[in-house]
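J.: One structure follows; several queries about it will come next.
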Amino acid sequence: MGIQGLLPTLKSIMHPRHAQEYAGKRAAIDTYSWLHKAVLSCSRDLCHGRHNDKYIDYCMRRVQMLRYYGVQPVLVFDGGSLPMKSDQEIKRARSRKENLERALEYERLGNHSAAYECYQRAVDITPAIAFRLIQVLRQENVQYVVAPYEADAQLVFLALNRHVDFVITEDSDLIVYGCPQIFFKMDKHGQGVGFQISDITANKDIDLSDFTKQMILEMCIMSGCDYLPSLPGIGVKRSHGLIKRFRTYQKALKHLEAKGVLIDPQYEQGFHRAILTFRHHRVYDPVKKEMVHLTGVPSELDTNLDFLGPHLPQTTATAIARGEVDPTTFESFQDFSSSGRLVADSNATVQNGVSNKKVGFSAKKNLPAINSSRTHQHHRSGSRPCFQLSDLKAALVSFLISWGLVCILLACNPQVESLV
DNA sequence: CACTAGGGATACAG
DNA sequence: ACTCGTCCCTAGTG
């Protein structure tokens, strides 16, 4: 994922930071990076189509941790997938299926640890799994938005338009998309590494002092990205050298061809499409309440932009953003009867006992109970469902939750005492 | 020598 | 038929 080897070359401008240094700021969170780790604790249940609250607890603990340090989180979810990545996703789906079969086989033989390892590689983070979390976010008044396509672009849109101050993620693609401020690899204690684009001129390993945004974009694509594999033997260092010398990817490719490197005739067109995909990705504008491009498409650009995925009408885009309909099937999430499928079973049998009521987040005993009936009314009223801006109730709730957390932290982490 | 690509170990939770 | 791994080490290549 992302750009292989990019973050290590930027090590000199990546600084250790703590969530409390972002107090008073708003953060957009790449929720997939949380879910990916969170599902490991209950991958067996999820593979069998059974619900398990553990992954929700994982995410909510992080939400509460951020709130405790005064950071206001906005959770961003992935939406539909792009046709450009379809062949890669077929491979991944096949790999998951193979791992699931192996898990079942190990389990039959009684080797539970080996089975568990395979289950972890077999988990599929479906929109239904994300939806369970979204339901809890609504109850707890946490802001969220489901992107029409890639979450990465949505995160950067929120940052560029000042809806948030920074982005929390694990993915180096955020740099390629042009995100000004990023908090990488944040752990459960709030420790991670900070990055800001304004430091880029001071980088040591590779010299980017005279690089424009466009040159950084082209350097990253040339080193191999999700939308275009790299030429053999070309990584970050060599693509950096090429772009530094020739300034544009067209000239760099000409040079390689003159040197005798044979380049697929489709490659240059693919390169152009990759650039456009990063620059003009489709995102949801929570103010206009409609689908827009990450950055405006110039009028002189006559290229067909079908590879960005279809443009969706306003009502559909909003329903997706609010998490009311599945971004891949457009089916309503109200009905849970389809979520009880045993993934391993090709006959798609429906399990008993998973299609009913209770899906709520079991609040910790130390934390105050939250009145969910009022929040539901709020949601029904339709005033601002998916992107609830700060209101008094949320502030009060987060204050109470913070106090609960203070008690927990005081009990198990003596370092925090100095804060109070 | 610098760099890229691929394999192995590993993750979460309590 | 429903969404993305990553780090470290090393062999092999330009």
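Lettering and numbering for the structure tokens are positional, with chains as A, B, ... in the shown order, residues counted from 1 in each chain, and ligands counted from 1 in the shown order.
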What lies within 12 Å of DC7 of chain C using only C-alpha atoms (C1' of nucleotides), ignoring chain neighbours under 6 positions off, as a VMD selection string?

T.: (chain A and resid 4 to 5 8) or (chain B and resid 8 to 11)

J.: Could you write out, as a list in words, all the residues of segment 81-207 of chain A that DSSP marks as strand (DSSP E or B)?

T.: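 Output for segment 81-207 of chain A, strand (DSSP E or B) only: Gln143, Tyr144, Val145, Val146, Phe166, Val167, Ile168, Thr169, Gln181, Ile182, Phe183, Phe184, Gln191, Gly192, Val193, Gly194, Phe195 and Gln196 of chain A.
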
J.: Output N, CA and C atoms for every residue in that selection, as a compact mmCIF listing (two decimals), in the first residue's frame.

T.:
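Final file, part18.txt:
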# COMPACT_ATOMS: atom_id res chain seq x y z
N GLN A 143 -18.22 12.62 15.12
CA GLN A 143 -18.38 12.98 13.71
C GLN A 143 -17.76 11.93 12.81
N TYR A 144 -18.37 11.75 11.65
CA TYR A 144 -17.84 10.78 10.70
C TYR A 144 -18.35 11.13 9.31
N VAL A 145 -17.71 10.54 8.31
CA VAL A 145 -18.20 10.68 6.94
C VAL A 145 -17.68 9.48 6.14
N VAL A 146 -18.54 8.94 5.28
CA VAL A 146 -18.12 7.86 4.40
C VAL A 146 -17.77 8.47 3.04
N PHE A 166 -5.56 18.35 10.80
CA PHE A 166 -4.56 17.34 10.40
C PHE A 166 -5.23 16.00 10.22
N VAL A 167 -4.45 15.03 9.73
CA VAL A 167 -4.98 13.70 9.42
C VAL A 167 -4.19 12.64 10.19
N ILE A 168 -4.90 11.66 10.74
CA ILE A 168 -4.26 10.53 11.41
C ILE A 168 -4.37 9.31 10.51
N THR A 169 -3.23 8.72 10.13
CA THR A 169 -3.22 7.60 9.21
C THR A 169 -1.94 6.80 9.33
N GLN A 181 -0.60 18.35 6.80
CA GLN A 181 -0.14 17.92 8.12
C GLN A 181 -0.70 16.54 8.46
N ILE A 182 0.20 15.63 8.84
CA ILE A 182 -0.18 14.24 9.06
C ILE A 182 0.42 13.72 10.36
N PHE A 183 -0.37 12.92 11.08
CA PHE A 183 0.10 12.24 12.29
C PHE A 183 0.12 10.74 11.99
N PHE A 184 1.34 10.20 11.78
CA PHE A 184 1.48 8.81 11.38
C PHE A 184 1.61 7.88 12.59
N GLN A 191 0.96 8.14 21.06
CA GLN A 191 2.30 8.43 20.54
C GLN A 191 2.39 8.05 19.07
N GLY A 192 3.06 8.91 18.29
CA GLY A 192 3.23 8.64 16.86
C GLY A 192 4.28 9.56 16.28
N VAL A 193 4.29 9.70 14.96
CA VAL A 193 5.25 10.59 14.32
C VAL A 193 4.53 11.62 13.46
N GLY A 194 4.92 12.87 13.65
CA GLY A 194 4.28 13.96 12.94
C GLY A 194 5.04 14.32 11.67
N PHE A 195 4.27 14.77 10.69
CA PHE A 195 4.85 15.20 9.41
C PHE A 195 4.15 16.47 8.97
N GLN A 196 4.90 17.44 8.49
CA GLN A 196 4.24 18.56 7.81
C GLN A 196 5.02 18.93 6.55

J.: If you run DSSP on this backbone, which residues of segment 17-169 of chain A come out as helix (DSSP H, G or I), and could you give them as an NGL selection string?

T.: :A and (19-22 or 31-47 or 54-68 or 83-108 or 112-122 or 127-139 or 151-160)

J.: Using only C-alpha atoms (C1' of nucleotides), find the residues of chain B whose closest atom to chain A is at most 6 Å away, then write them as a ChimeraX atom specification.

T.: /B:4,12-13

J.: Go ahead and save the picked residues with N, CA, C and O atoms (P, O5', C5', C4', C3', O3' and C1' of nucleotides), as a tab-separated table (two decimals), in the first residue's frame.

T.:
chain	number	residue	atom	x	y	z
B	4	DT	P	15.44	2.39	-5.10
B	4	DT	O5'	15.02	0.90	-5.53
B	4	DT	C5'	15.43	0.41	-6.79
B	4	DT	C4'	15.06	-1.07	-6.93
B	4	DT	C3'	13.63	-1.41	-6.51
B	4	DT	O3'	13.08	-2.26	-7.50
B	4	DT	C1'	15.18	-2.77	-5.33
B	12	DC	P	-0.40	-5.01	17.92
B	12	DC	O5'	-1.84	-5.69	18.04
B	12	DC	C5'	-2.87	-5.30	17.13
B	12	DC	C4'	-4.20	-5.70	17.72
B	12	DC	C3'	-4.29	-5.45	19.23
B	12	DC	O3'	-5.51	-4.80	19.54
B	12	DC	C1'	-4.65	-7.76	18.73
B	13	DA	P	-5.55	-3.96	20.92
B	13	DA	O5'	-6.19	-5.01	21.94
B	13	DA	C5'	-7.43	-5.64	21.63
B	13	DA	C4'	-7.70	-6.72	22.64
B	13	DA	C3'	-7.22	-6.37	24.06
B	13	DA	O3'	-8.34	-6.47	24.93
B	13	DA	C1'	-6.56	-8.57	23.43

J.: Which chain A residues are at most 7 Å from chain C (counting only C-alpha atoms (C1' of nucleotides)), as a PyMOL selection string?

T.: chain A and resi 1+78+125-126

J.: Can you pull out the residues contacting Glu98 of chain A? Cut-off 10 Å, using only C-alpha atoms (C1' of nucleotides), and skip same-chain residues under 5 positions away; I want them as a list in words.

T.: Arg92, Ala93, Ala103, Cys118, Arg121 and Ala122 of chain A

J.: Report as a ChimeraX atom specification all protein, DNA and RNA residues lying within 10 Å of Gly309 of chain A, evaluated on only C-alpha atoms (C1' of nucleotides), omitting residues in the same chain fewer than 2 positions from it.

T.: /A:80-84,148-149,277,281-282,305-307,311-312

J.: Please, what distance in Å, to one decimal, runs between atom CA of Ile200 of chain A and atom CA of Lys188 of chain A?

T.: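 Pair atom CA of Ile200 of chain A / atom CA of Lys188 of chain A returns 27.7 Å.
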
J.: Neighbours of Leu242 of chain A within 9 Å (only C-alpha atoms (C1' of nucleotides); same-chain residues fewer than 5 positions away dropped), as a ChimeraX atom specification?

T.: /A:219,237,247-249,251-253,255

J.: Could you check the closest approach to Leu308 of chain A for each of A:Met215, A:Ser209, A:Phe271, A:Glu150 and tell me which residue wins, using only C-alpha atoms?

T.: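 For Leu308 of chain A, the nearest of the given residues is A:Glu150.
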